[in-house]
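**Q** Quick one: the structure is below, questions incoming.
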Amino acid sequence: MSTDVGLATATGQTAPTPGPAATEAAAGQPNRVARLLGVRIPIVQAPMTYIARAELAAAVSNAGALGIIETSSPQGRADLRRVRDLTDAPVGANVALAIRRDPSVIDLLVEAGIRTVFTSAGDPNLLTGRLHDAGLTVFHVVGSLRAARKAVDAGVDGLVVEGIEGGGFKSAKSASTLVLLPLVASQVSLPIIAAGGICDGRSMAAAVVLGAEGVQMGTRMLASRESPLHDNLKNAVVGAQETSTVLLSVPGLPTMRVLRTEAAERVLAAGQPVVGLDGVQRLYFGGDLTASLANTGQVAGRIERVERVADIIHQTWAGCREILAAASARAAGWHATD
Ligand SMILES: Cc1cc2nc3c(=O)[nH]c(=O)nc-3n(C[C@H](O)[C@H](O)[C@H](O)COP(=O)(O)O)c2cc1C
C-alpha cells in the first residue's frame, strides 16, 4: 500500500505525491538500480578479471551506464585510480571474495572514489558491514535462491542474479536466468540486476519482465571495441554459435562456462585440468587460444560483430524500451479475447 501523504495545493485540495518511480524518472534515473548506481542507464559492464580495466569501464560509464573495475589482479587495482583520468562519471568495482577477503581492499576503493561495489564468489557476510561503514553501496552476485536469501540477510543493497548460461565461474548446480530470475524476484524485494545471457534490447526487456531493474553484460562487453582482449578471442566470440560453449566441471578447476576450444575439448576428454588458467594472459592478450580456457557465455551465439561500447549501451537501452512498449501494445489486443 502506498504511504504517500499527498501535496496540499493552492486550492486546499490534495494532489497525489509522485510515487518513487515518477520521482526517479524525473531525476533522469528510471528506477531503483539506476538511482543506487548513480547512472542514467541501468546497464552494468560485468566484472571480469584482467578484462574489466580502465579503458573499458570508462567507455561504459561515459555512455551513461556503469563500468566496473576488477580488483583481483594488481593491474585492476592500479586501474581504480587510472580510470579517474578517463571519466568523471561513476565507476564501480568488483571484489571477488574468494580471492580478496582482506578488508584492506576497502581503503583502496574509498581512496579511489568508488561508491558501488559488486561482491561475488563468496560469503556476503565477509565485507558487507565494513563496506557499508565506509559509505559504499553493495550489490552481491548470486546464482541461487538460497544465496539470494543469504545476501539479503547480510544486508546488501541489491542483487546481481546470474543464470548458468553466463560466462565465468559458476556453481554446477545453478539454474538458467529464465528460471532463477523470476524465482528470486518473487521472493526478494531488493533491486535486481540480471546477468547471464543478456546482450541486447530484446534480452534486456525479457530480464525486466522477469523482475530485474537493470542488466549486467559480460560476454557482449569482452567482445566490444574497447575491450583489451586480443582480436583472436573477440573473433572467436563473434564466430561462435549458441552451442559453442560448455560448462566445464573437472576436479582441480572452478566450474566455469567456456568456449568449446581445442583446449576445452582436451580438458573434457582428460577429465582433469591438462589445460588450466595459468596461461590466461597469453590467451587474453597474446591471442593464443590453446594457452588457456576462454570464459564465455552462451550468448556468444547472439553476438554478430565487435561494436563500440557506446553503441552497445545505447542500442540496448533504446531497444529494451521499444520492445517493452511493442509487447505491451500487443498484449493490449489480447484483452479482446477475454
Ligand atoms: C571472461 C570472464 C571473466 C569473468 N570474471 C569475473 C570476475 O572476475 N568476477 C565476477 O564476479 N564475475 C566474473 N565473470 C562473470 C561476469 O561478471 C558476468 O556475470 C557474466 O559474464 C554474465 O553473463 P554473460 O557472459 O552471458 O553476459 C566473468 C565472466 C567472463 C566471461
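Identifiers in this document derive from the order of the C-alpha cells: chains are assigned A, B, ..., residues are numbered from 1 separately in each chain, and ligands are numbered from 1 in order of occurrence.
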What are the nearest atom pairs, with distances in Å to one decimal, for all residues of chain A that come at most 8 Å from ligand 1, using only C-alpha atoms and all ligand atoms, set out by chain and rising residue number as CSV?

**A**
```
residue,atom,partner,partner_atom_place_in_ligand_line,distance
A:Gln45,CA,ligand 1,17 (O),7.8
A:Ala46,CA,ligand 1,17 (O),4.0
A:Pro47,CA,ligand 1,17 (O),4.2
A:Met48,CA,ligand 1,5 (N),3.2
A:Thr49,CA,ligand 1,8 (O),3.9
A:Tyr50,CA,ligand 1,8 (O),7.7
A:Ile51,CA,ligand 1,1 (C),7.1
A:Glu70,CA,ligand 1,8 (O),6.3
A:Ser72,CA,ligand 1,8 (O),6.8
A:Asn94,CA,ligand 1,11 (O),6.4
A:Val95,CA,ligand 1,11 (O),7.3
A:Ala96,CA,ligand 1,9 (N),5.6
A:Phe118,CA,ligand 1,11 (O),7.3
A:Thr119,CA,ligand 1,11 (O),6.8
A:Ser120,CA,ligand 1,11 (O),4.7
A:Ala121,CA,ligand 1,11 (O),6.4
A:Val141,CA,ligand 1,11 (O),6.8
A:Val160,CA,ligand 1,19 (O),7.9
A:Glu162,CA,ligand 1,19 (O),6.0
A:Gly163,CA,ligand 1,23 (O),7.5
A:Glu165,CA,ligand 1,26 (O),6.0
A:Gly166,CA,ligand 1,23 (O),3.3
A:Gly167,CA,ligand 1,25 (O),3.9
A:Gly168,CA,ligand 1,29 (C),3.7
A:Phe169,CA,ligand 1,14 (N),6.4
A:Ala195,CA,ligand 1,22 (C),4.7
A:Gly196,CA,ligand 1,23 (O),3.4
A:Gly197,CA,ligand 1,26 (O),3.8
A:Ile198,CA,ligand 1,27 (O),5.4
A:Cys199,CA,ligand 1,27 (O),6.7
A:Gln216,CA,ligand 1,22 (C),6.3
A:Met217,CA,ligand 1,27 (O),3.9
A:Gly218,CA,ligand 1,21 (O),3.5
A:Thr219,CA,ligand 1,25 (O),3.9
A:Arg220,CA,ligand 1,27 (O),6.1
A:Met221,CA,ligand 1,27 (O),7.7
A:Leu222,CA,ligand 1,1 (C),7.1
A:Arg257,CA,ligand 1,31 (C),8.0
A:Val258,CA,ligand 1,31 (C),7.9
A:Ala294,CA,ligand 1,1 (C),6.6
A:Asn295,CA,ligand 1,1 (C),4.4
A:Thr296,CA,ligand 1,31 (C),4.2
A:Gly297,CA,ligand 1,25 (O),4.0
A:Gln298,CA,ligand 1,26 (O),6.2
A:Val299,CA,ligand 1,26 (O),5.4
A:Ala300,CA,ligand 1,26 (O),7.7
```

**Q** Write out the residues from the selection above, keeping C-alpha atoms, as a PDB file, in the first residue's frame.

**A**
```
ATOM      1  CA  GLN A  45      29.582  -3.873 -17.620  1.00  0.00           C
ATOM      2  CA  ALA A  46      30.324  -7.152 -15.879  1.00  0.00           C
ATOM      3  CA  PRO A  47      33.340  -7.646 -13.663  1.00  0.00           C
ATOM      4  CA  MET A  48      35.890  -9.807 -15.480  1.00  0.00           C
ATOM      5  CA  THR A  49      39.361 -10.431 -14.060  1.00  0.00           C
ATOM      6  CA  TYR A  50      42.115  -8.919 -16.303  1.00  0.00           C
ATOM      7  CA  ILE A  51      39.438  -7.599 -18.732  1.00  0.00           C
ATOM      8  CA  GLU A  70      38.125  -5.726 -11.200  1.00  0.00           C
ATOM      9  CA  SER A  72      41.574  -9.438  -8.309  1.00  0.00           C
ATOM     10  CA  ASN A  94      34.266  -5.885  -8.103  1.00  0.00           C
ATOM     11  CA  VAL A  95      35.598  -7.698  -5.077  1.00  0.00           C
ATOM     12  CA  ALA A  96      35.717 -11.443  -5.753  1.00  0.00           C
ATOM     13  CA  PHE A 118      29.880  -5.725  -6.615  1.00  0.00           C
ATOM     14  CA  THR A 119      30.924  -8.580  -4.342  1.00  0.00           C
ATOM     15  CA  SER A 120      30.966 -12.077  -5.815  1.00  0.00           C
ATOM     16  CA  ALA A 121      32.221 -15.628  -5.375  1.00  0.00           C
ATOM     17  CA  VAL A 141      26.189 -11.719  -7.173  1.00  0.00           C
ATOM     18  CA  VAL A 160      23.031  -9.448  -9.308  1.00  0.00           C
ATOM     19  CA  GLU A 162      23.189 -14.641 -12.607  1.00  0.00           C
ATOM     20  CA  GLY A 163      21.974 -17.643 -14.601  1.00  0.00           C
ATOM     21  CA  GLU A 165      24.211 -19.575 -19.288  1.00  0.00           C
ATOM     22  CA  GLY A 166      26.572 -16.721 -18.351  1.00  0.00           C
ATOM     23  CA  GLY A 167      30.326 -16.787 -18.841  1.00  0.00           C
ATOM     24  CA  GLY A 168      32.762 -17.199 -15.949  1.00  0.00           C
ATOM     25  CA  PHE A 169      32.890 -19.255 -12.750  1.00  0.00           C
ATOM     26  CA  ALA A 195      23.137 -11.369 -15.609  1.00  0.00           C
ATOM     27  CA  GLY A 196      23.692 -14.332 -17.879  1.00  0.00           C
ATOM     28  CA  GLY A 197      22.526 -14.374 -21.479  1.00  0.00           C
ATOM     29  CA  ILE A 198      21.966 -10.633 -21.958  1.00  0.00           C
ATOM     30  CA  CYS A 199      23.419  -8.863 -24.989  1.00  0.00           C
ATOM     31  CA  GLN A 216      24.875  -6.829 -16.499  1.00  0.00           C
ATOM     32  CA  MET A 217      26.683  -7.877 -19.669  1.00  0.00           C
ATOM     33  CA  GLY A 218      29.957  -9.819 -19.682  1.00  0.00           C
ATOM     34  CA  THR A 219      30.408 -11.683 -22.961  1.00  0.00           C
ATOM     35  CA  ARG A 220      28.996  -8.777 -25.004  1.00  0.00           C
ATOM     36  CA  MET A 221      31.444  -6.375 -23.370  1.00  0.00           C
ATOM     37  CA  LEU A 222      34.502  -8.581 -23.732  1.00  0.00           C
ATOM     38  CA  ARG A 257      31.410 -21.827 -18.759  1.00  0.00           C
ATOM     39  CA  VAL A 258      33.982 -21.631 -21.538  1.00  0.00           C
ATOM     40  CA  ALA A 294      38.200 -18.917 -22.561  1.00  0.00           C
ATOM     41  CA  ASN A 295      35.412 -17.995 -20.130  1.00  0.00           C
ATOM     42  CA  THR A 296      32.453 -17.052 -22.330  1.00  0.00           C
ATOM     43  CA  GLY A 297      28.641 -17.158 -22.065  1.00  0.00           C
ATOM     44  CA  GLN A 298      26.171 -18.957 -24.331  1.00  0.00           C
ATOM     45  CA  VAL A 299      25.101 -15.533 -25.562  1.00  0.00           C
ATOM     46  CA  ALA A 300      28.254 -15.526 -27.731  1.00  0.00           C
TER      47      ALA A 300
END
```

**Q** Write out as JSON lines the residues of stretch 192-277 of chain A that have any atom within 8 Å of an atom of stretch 304-319 of chain A, one row each with the nearest atom pair and its distance in Å to one decimal, counting only C-alpha atoms, sorted by chain and then rising number.

**A**
```
{"residue": "A:Cys199", "atom": "CA", "partner": "A:Thr316", "partner_atom": "CA", "distance": 7.6}
{"residue": "A:Asp200", "atom": "CA", "partner": "A:Thr316", "partner_atom": "CA", "distance": 4.6}
{"residue": "A:Gly201", "atom": "CA", "partner": "A:Thr316", "partner_atom": "CA", "distance": 4.1}
{"residue": "A:Arg202", "atom": "CA", "partner": "A:Gly319", "partner_atom": "CA", "distance": 6.6}
{"residue": "A:Met204", "atom": "CA", "partner": "A:Thr316", "partner_atom": "CA", "distance": 7.2}
{"residue": "A:Met221", "atom": "CA", "partner": "A:Val309", "partner_atom": "CA", "distance": 7.2}
{"residue": "A:Ala223", "atom": "CA", "partner": "A:Val306", "partner_atom": "CA", "distance": 5.7}
{"residue": "A:Ser224", "atom": "CA", "partner": "A:Val306", "partner_atom": "CA", "distance": 5.1}
{"residue": "A:Arg225", "atom": "CA", "partner": "A:Arg308", "partner_atom": "CA", "distance": 5.0}
{"residue": "A:Glu226", "atom": "CA", "partner": "A:Arg308", "partner_atom": "CA", "distance": 6.7}
{"residue": "A:Lys234", "atom": "CA", "partner": "A:Val306", "partner_atom": "CA", "distance": 7.2}
{"residue": "A:Asn235", "atom": "CA", "partner": "A:Val306", "partner_atom": "CA", "distance": 8.0}
{"residue": "A:Val238", "atom": "CA", "partner": "A:Glu304", "partner_atom": "CA", "distance": 5.3}
{"residue": "A:Gly239", "atom": "CA", "partner": "A:Glu304", "partner_atom": "CA", "distance": 7.5}
```

**Q** Go ahead and save the residues from that selection, with C-alpha atoms, as a PDB file, in the first residue's frame.

**A**
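Wrote result_15.pdb, looks like this:
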```pdb
ATOM      1  CA  CYS A 199      23.419  -8.863 -24.989  1.00  0.00           C
ATOM      2  CA  ASP A 200      20.782  -6.508 -26.460  1.00  0.00           C
ATOM      3  CA  GLY A 201      17.446  -4.737 -26.058  1.00  0.00           C
ATOM      4  CA  ARG A 202      15.419  -7.905 -26.562  1.00  0.00           C
ATOM      5  CA  MET A 204      17.221  -6.774 -21.503  1.00  0.00           C
ATOM      6  CA  MET A 221      31.444  -6.375 -23.370  1.00  0.00           C
ATOM      7  CA  ALA A 223      33.851  -8.608 -27.463  1.00  0.00           C
ATOM      8  CA  SER A 224      33.485  -4.795 -27.661  1.00  0.00           C
ATOM      9  CA  ARG A 225      35.885  -2.421 -29.441  1.00  0.00           C
ATOM     10  CA  GLU A 226      37.209  -1.015 -26.136  1.00  0.00           C
ATOM     11  CA  LYS A 234      36.891 -11.347 -29.911  1.00  0.00           C
ATOM     12  CA  ASN A 235      36.597 -13.001 -33.333  1.00  0.00           C
ATOM     13  CA  VAL A 238      31.678 -13.346 -32.868  1.00  0.00           C
ATOM     14  CA  GLY A 239      32.095 -16.623 -34.775  1.00  0.00           C
TER      15      GLY A 239
END
```

**Q** For A:Phe285, which of A:Met256, A:Arg321, A:Asn232, A:Pro273 is the closest residue, counting only C-alpha atoms?

**A**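 When distances to A:Phe285 are compared using only C-alpha atoms, the smallest one comes from A:Asn232.
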
**Q** Tell me which protein, DNA and RNA residues are within 8 Å of stretch 142-150 of chain A, counting only C-alpha atoms, leaving out same-chain ones fewer than 6 positions away, and put them as a count of residues only.

**A** 16

**Q** Using DSSP secondary structure from the backbone, list all alpha helix (DSSP H) positions within stretch 90-302 of chain A, as a ChimeraX atom specification.

**A** /A:104-111,128-133,145-154,177-187,201-209,219-222,231-239,262-270,280-286

**Q** Figure out the distance between atom CA of A:Leu36 and atom CA of A:Ala112, please, to one decimal in Å.

**A**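 So the answer is 18.4 Å.
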
**Q** With distances taken over only C-alpha atoms, which of A:Val33, A:Gly271, A:Gln241, A:Ile114 is nearest to A:Val215?

**A**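 Distance minimum relative to A:Val215 lands on A:Val33.
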
**Q** Extract, using only C-alpha atoms, all DNA, RNA and protein residues at most 12 Å from A:Ala58, discarding same-chain residues fewer than 6 positions from it, and format them as a list in words.

**A**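 Residues meeting the cut-off are Val44, Gln45, Ala52, Gly64, Ala65, Leu66, Gly67, Ile68, Ile69, Asp79, Leu80, Arg81, Arg82, Val83, Arg84, Asp85, Leu86, Thr87, Asp88, Ala89, Pro90, Val91, Gly92, Glu226, Ser227, Val309 and Ala310 of chain A.
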
**Q** Take the residues from that selection and put them in a file with N, CA and C atoms, as a PDB file, in the first residue's frame.

**A**
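Once everything was written out, this is part33.pdb:
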```
ATOM      1  N   VAL A  44      25.105  -2.521 -16.592  1.00  0.00           N
ATOM      2  CA  VAL A  44      26.410  -2.647 -15.933  1.00  0.00           C
ATOM      3  C   VAL A  44      27.324  -3.495 -16.812  1.00  0.00           C
ATOM      4  N   GLN A  45      28.554  -3.038 -16.966  1.00  0.00           N
ATOM      5  CA  GLN A  45      29.582  -3.873 -17.620  1.00  0.00           C
ATOM      6  C   GLN A  45      30.092  -4.840 -16.564  1.00  0.00           C
ATOM      7  N   ALA A  52      38.144  -6.324 -17.103  1.00  0.00           N
ATOM      8  CA  ALA A  52      37.378  -5.163 -16.624  1.00  0.00           C
ATOM      9  C   ALA A  52      38.366  -4.084 -16.176  1.00  0.00           C
ATOM     10  N   GLY A  64      26.900   6.551 -20.000  1.00  0.00           N
ATOM     11  CA  GLY A  64      25.734   6.744 -19.125  1.00  0.00           C
ATOM     12  C   GLY A  64      25.355   5.514 -18.322  1.00  0.00           C
ATOM     13  N   ALA A  65      26.087   4.398 -18.516  1.00  0.00           N
ATOM     14  CA  ALA A  65      25.837   3.177 -17.735  1.00  0.00           C
ATOM     15  C   ALA A  65      26.951   3.062 -16.675  1.00  0.00           C
ATOM     16  N   LEU A  66      27.148   1.857 -16.092  1.00  0.00           N
ATOM     17  CA  LEU A  66      28.175   1.732 -15.060  1.00  0.00           C
ATOM     18  C   LEU A  66      29.278   0.770 -15.497  1.00  0.00           C
ATOM     19  N   GLY A  67      30.496   1.315 -15.609  1.00  0.00           N
ATOM     20  CA  GLY A  67      31.666   0.480 -15.839  1.00  0.00           C
ATOM     21  C   GLY A  67      32.173  -0.054 -14.515  1.00  0.00           C
ATOM     22  N   ILE A  68      32.798  -1.214 -14.571  1.00  0.00           N
ATOM     23  CA  ILE A  68      33.323  -1.841 -13.342  1.00  0.00           C
ATOM     24  C   ILE A  68      34.787  -2.202 -13.530  1.00  0.00           C
ATOM     25  N   ILE A  69      35.562  -1.950 -12.488  1.00  0.00           N
ATOM     26  CA  ILE A  69      36.977  -2.335 -12.464  1.00  0.00           C
ATOM     27  C   ILE A  69      37.122  -3.565 -11.575  1.00  0.00           C
ATOM     28  N   ASP A  79      44.163   0.243 -11.798  1.00  0.00           N
ATOM     29  CA  ASP A  79      43.207   0.963 -12.650  1.00  0.00           C
ATOM     30  C   ASP A  79      42.107   1.672 -11.869  1.00  0.00           C
ATOM     31  N   LEU A  80      41.956   1.344 -10.584  1.00  0.00           N
ATOM     32  CA  LEU A  80      40.962   2.063  -9.774  1.00  0.00           C
ATOM     33  C   LEU A  80      41.273   3.553  -9.787  1.00  0.00           C
ATOM     34  N   ARG A  81      42.568   3.878  -9.821  1.00  0.00           N
ATOM     35  CA  ARG A  81      42.979   5.295  -9.880  1.00  0.00           C
ATOM     36  C   ARG A  81      43.037   5.779 -11.321  1.00  0.00           C
ATOM     37  N   ARG A  82      43.619   4.927 -12.214  1.00  0.00           N
ATOM     38  CA  ARG A  82      43.850   5.349 -13.596  1.00  0.00           C
ATOM     39  C   ARG A  82      42.534   5.712 -14.295  1.00  0.00           C
ATOM     40  N   VAL A  83      41.449   5.025 -13.914  1.00  0.00           N
ATOM     41  CA  VAL A  83      40.177   5.279 -14.588  1.00  0.00           C
ATOM     42  C   VAL A  83      39.696   6.707 -14.363  1.00  0.00           C
ATOM     43  N   ARG A  84      40.159   7.331 -13.277  1.00  0.00           N
ATOM     44  CA  ARG A  84      39.730   8.705 -12.985  1.00  0.00           C
ATOM     45  C   ARG A  84      40.271   9.699 -14.006  1.00  0.00           C
ATOM     46  N   ASP A  85      41.349   9.312 -14.728  1.00  0.00           N
ATOM     47  CA  ASP A  85      41.858  10.176 -15.801  1.00  0.00           C
ATOM     48  C   ASP A  85      40.988  10.068 -17.051  1.00  0.00           C
ATOM     49  N   LEU A  86      40.125   9.041 -17.095  1.00  0.00           N
ATOM     50  CA  LEU A  86      39.376   8.759 -18.319  1.00  0.00           C
ATOM     51  C   LEU A  86      37.902   9.121 -18.228  1.00  0.00           C
ATOM     52  N   THR A  87      37.384   9.273 -17.008  1.00  0.00           N
ATOM     53  CA  THR A  87      35.965   9.637 -16.860  1.00  0.00           C
ATOM     54  C   THR A  87      35.714  10.309 -15.513  1.00  0.00           C
ATOM     55  N   ASP A  88      34.734  11.225 -15.514  1.00  0.00           N
ATOM     56  CA  ASP A  88      34.258  11.817 -14.254  1.00  0.00           C
ATOM     57  C   ASP A  88      33.004  11.096 -13.763  1.00  0.00           C
ATOM     58  N   ALA A  89      32.471  10.212 -14.599  1.00  0.00           N
ATOM     59  CA  ALA A  89      31.205   9.539 -14.268  1.00  0.00           C
ATOM     60  C   ALA A  89      31.461   8.447 -13.219  1.00  0.00           C
ATOM     61  N   PRO A  90      30.385   8.004 -12.524  1.00  0.00           N
ATOM     62  CA  PRO A  90      30.571   6.933 -11.535  1.00  0.00           C
ATOM     63  C   PRO A  90      31.122   5.653 -12.173  1.00  0.00           C
ATOM     64  N   VAL A  91      32.020   5.005 -11.446  1.00  0.00           N
ATOM     65  CA  VAL A  91      32.587   3.710 -11.853  1.00  0.00           C
ATOM     66  C   VAL A  91      32.493   2.806 -10.628  1.00  0.00           C
ATOM     67  N   GLY A  92      32.142   1.545 -10.834  1.00  0.00           N
ATOM     68  CA  GLY A  92      32.069   0.600  -9.713  1.00  0.00           C
ATOM     69  C   GLY A  92      33.284  -0.309  -9.682  1.00  0.00           C
ATOM     70  N   GLU A 226      36.336  -1.533 -27.199  1.00  0.00           N
ATOM     71  CA  GLU A 226      37.209  -1.015 -26.136  1.00  0.00           C
ATOM     72  C   GLU A 226      37.731  -2.093 -25.196  1.00  0.00           C
ATOM     73  N   SER A 227      37.279  -3.323 -25.353  1.00  0.00           N
ATOM     74  CA  SER A 227      37.796  -4.408 -24.502  1.00  0.00           C
ATOM     75  C   SER A 227      39.272  -4.624 -24.812  1.00  0.00           C
ATOM     76  N   VAL A 309      31.426   0.376 -27.381  1.00  0.00           N
ATOM     77  CA  VAL A 309      30.650   0.269 -26.148  1.00  0.00           C
ATOM     78  C   VAL A 309      29.454   1.228 -26.147  1.00  0.00           C
ATOM     79  N   ALA A 310      29.677   2.481 -26.567  1.00  0.00           N
ATOM     80  CA  ALA A 310      28.583   3.460 -26.527  1.00  0.00           C
ATOM     81  C   ALA A 310      27.426   2.984 -27.402  1.00  0.00           C
TER      82      ALA A 310
END
```

**Q** Report, in Å with one decimal, the straight-line distance from atom CA of A:Arg266 to atom CA of A:Leu248.

**A**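 One can read the atom CA of A:Arg266 to atom CA of A:Leu248 distance as 11.1 Å.
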
**Q** I'd like to know which of A:Thr255, A:Gln187, A:Thr137, A:Ser203 is closest to A:Arg115, using only C-alpha atoms.

**A**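 Checking each candidate against A:Arg115, we get A:Thr137 as the closest.
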
**Q** I need the residue nearest A:Val39 from this list: A:His335, A:Gly214, A:Gly129, A:Leu178. Use only C-alpha atoms for the distance.

**A**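 Answer, going by the shortest atom-to-atom distance: A:Gly214.
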
**Q** Quick one: distance from atom CA of A:Asp102 to atom CA of A:Leu277 in Å, one decimal?

**A** 22.8 Å
